[in-house]
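Peer 1: What follows is a single structure, and I will ask about it in a moment.
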Amino acid sequence: MGKNEISRRDFVRRSATGIIGTALLPTVLTSCSNWKGANERINFGHIGVGARGGLELISYFLPLAEVMNIAVCDVFKDRREYFANKINKYYSEENPKSLVCVAYQDMDELLQRKDIDAVHITTPDHWHILAAIKAARAGKHIMLAKPLGLSYPQNLLLTKALKDNNVKFHYGTQQRSFEHMLQGYQMIRDGLIGEIERVDVWAPGKNDLPSTVCKEVPVPVDFDYDRWIGPAPMRPYCPDRVANQSSVYNNDYSIGLMGSEGSSPLDILVWILKDKVSGNYVCDGTGRYWPTELYNNILSWDVNYKYVNGLEVHFASSDIAIEGMLHHRAKKEGNGTTFYGKKGWISLSGSSAQSNIPEINTKLNNFPKDNRGWIKSENNTMGKRFISVIRGEEAELCPLDEAIISDTISHMGDIAIRMGRKVTWDSKAGEIVGDPDANKLYSREMRANYVI
């Protein structure tokens with residue numbers, strides 16, 4: 001094997017930043033879209049193969065013998081050709097003459113393929129729901145990156161599309177598969193800390209990325225900027241607008257870290273207390289914004305929710321949380337969810353779990369740890385779980401209705417801050433009570449060529 005070649009085994013082990021090969025003109029394997037048996041492979045397409053999407057493709061799906069990764073789609077030419085080339089090299093060890101994976105610029109072309117059974121969607125936030133609706137209407141099972149979306153009416157369209165087309169949905173909330181999370185879930189559900197009265201939730205807000213303005217430059221010839229913008233308003237192009245690490249700070253495409261980072265700990269809240277957080281609530285709070293036109297989302301927040309059943313939820317950015325919400329924690333992780341019951345509390349994060357009840361705390365920490373004392377978790381299990389969901393071997397682990405609940409919590413916090421007043425969410429009506437101006441913030445218009 002030459003120095004520029006990579007083996008099937010080494011491909012999984014190495015990062016996605018290897019040698020970029022030339023574009024291939026691929027053919028595809030015989031269709032398995034009508035697979036019935038447990039041993040038949042499932043054909044996957046990947047929509048969005050940037051930093052996160054590419055990492056998940058490699059760690060979640062490529063190693064699975066029961067999956068064939070036969071299509072990738074991205075508006076950046078170098079990304080889609082890079083991963084198509086890598087996948088084809090990977091599969092060439094099984095059949096050197098087979099070119100399996102096709103690179104697409106337009107997701108609609110990928111979704112038209114009858115031999116694709118499921119899609120893995122990791123686009124920028126403003127494309128999440130629209131891409132999922134397209135995929136559901138095409139009859140593809142969906143694993144969708146978090147956060148969910150920007151428009152509640154679009155959430156309802158996706159709900160209908162899943163039902164109408166008998167499509168399975170898998171939200172990318174990896175923490176639900178962590179062993180210490182599963183144990184904490186069971187302890188709380190079993191009532192070991194008593195009835196839950198309040199919950200603290202926190203997530204990273206501001207970071208070291210400098211605020212900037214958009215200095216317009218020509219669009220690169222190998223980048224489809226119109227498709228990247230998609231349903232959002234057309235704006236002048238600049239590299240900072242479309243960068244992975246910064247588009248989340250612009251309100252055209254996201255509600256910021258409140259949604260993207262907040263989605264993980266809020267999901268744990270909904271997972272464990274779905275029955276308590278499914279109803280109506282009042283939300284109010286304060287926050288600070290990025291100061292420029294390009295980065296204009298909330299970077300620090302402190303919001304409170306009061307449910308009609310009496311439950312209280314406090315959701316804050318980590319800079320706020322560290323000043324008070326984390327005083328009881330021995331390990332102060334950047335995001336987490338603390339449940340306070342009548343008998344004590346349990347605090348769960350991606351790499352730590354703690355309780356003020358000694359025997360519970362011991363059990364929550366009886367897991368392998370790294371040299372810094374953080375719990376080690378398997379981050380590559382979500383692909384396997386999605387396969388088992390598709391095959392009907394288990395119920396949907398991360399269903400859409402729960403994703404809508406957690407996503408809406410972050411939106412209500414964002415809206416309350418932007419409006420500068422309390423908002424009351426009516427979960428049955430799916431709207432903010434008596435506040436048309438506030439409701440407009442949770443319903444986005446789509447650009448003409450991208451209307452669903």
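Ligands are numbered from 1 in the order shown, chains are lettered A, B, ... in the order of the structure tokens, and residues start at 1 in each chain.
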Just the residues within 9 Å of Tyr152 in chain A, please, counting only C-alpha atoms, with nothing from its chain fewer than 4 positions along; format it as a compact mmCIF listing (two decimals) with C-alpha atoms, in the first residue's frame.
Peer 2:
# COMPACT_ATOMS: atom_id res chain seq x y z
CA LEU A 156 -45.80 20.79 12.20
CA LEU A 157 -45.16 20.22 8.49
CA ILE A 404 -40.12 20.08 19.33
CA THR A 408 -39.50 25.46 21.72
CA GLY A 430 -48.83 25.99 19.38
CA GLU A 431 -48.55 29.73 19.86
CA TYR A 442 -41.33 31.80 15.76
CA SER A 443 -42.56 31.71 12.17
CA ARG A 444 -40.05 32.36 9.38
Peer 1: I'd like a table as a Markdown table: residues in range 187-254 of chain A with an atom no more than 8 Å from range 264-267 of chain A, each row giving the shortest atom pair and its distance in Å to one decimal, only C-alpha atoms counted, sorted by chain and rising residue number.
Peer 2:
| residue | atom | partner | partner_atom | distance |
| --- | --- | --- | --- | --- |
| A:Val201 | CA | A:Pro265 | CA | 6.2 |
| A:Trp202 | CA | A:Pro265 | CA | 6.9 |
| A:Ala203 | CA | A:Pro265 | CA | 7.2 |
Peer 1: Could those residues be written to a file, using C-alpha atoms, as a PDB file, in the first residue's frame?
Peer 2:
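What follows is the written file out22.pdb:
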ATOM      1  CA  VAL A 201     -30.278  23.982  32.772  1.00  0.00           C
ATOM      2  CA  TRP A 202     -27.147  25.651  31.430  1.00  0.00           C
ATOM      3  CA  ALA A 203     -25.094  25.708  28.232  1.00  0.00           C
TER       4      ALA A 203
END
Peer 1: In terms of the shortest atom-to-atom distance over only C-alpha atoms, which of A:His46, A:Pro63, A:Gln112, A:Met143 is closest to Met382 in chain A?
Peer 2: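 Going through A:His46, A:Pro63, A:Gln112, A:Met143 one by one, the smallest distance to Met382 in chain A is for A:Met143.
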Peer 1: Would you compute the distance between CA of Ser351 in chain A and CA of Ile387 in chain A? Give it in Å to one decimal.
Peer 2: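 Calculated distance between CA of Ser351 in chain A and CA of Ile387 in chain A is 25.1 Å.
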Peer 1: Check the smallest atom-to-atom distance from each of A:Leu192, A:Lys86, A:Pro236, A:Ile47 to Lys134 in chain A using only C-alpha atoms, then report the winner.
Peer 2: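 The closest residue to Lys134 in chain A is A:Ile47.
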Peer 1: If you run DSSP over the backbone, which residues in range 17-166 of chain A end up helix (DSSP H, G or I)? Put them as a PyMOL selection string.
Peer 2: chain A and resi 51-61+77-91+107-111+125-137+152-164
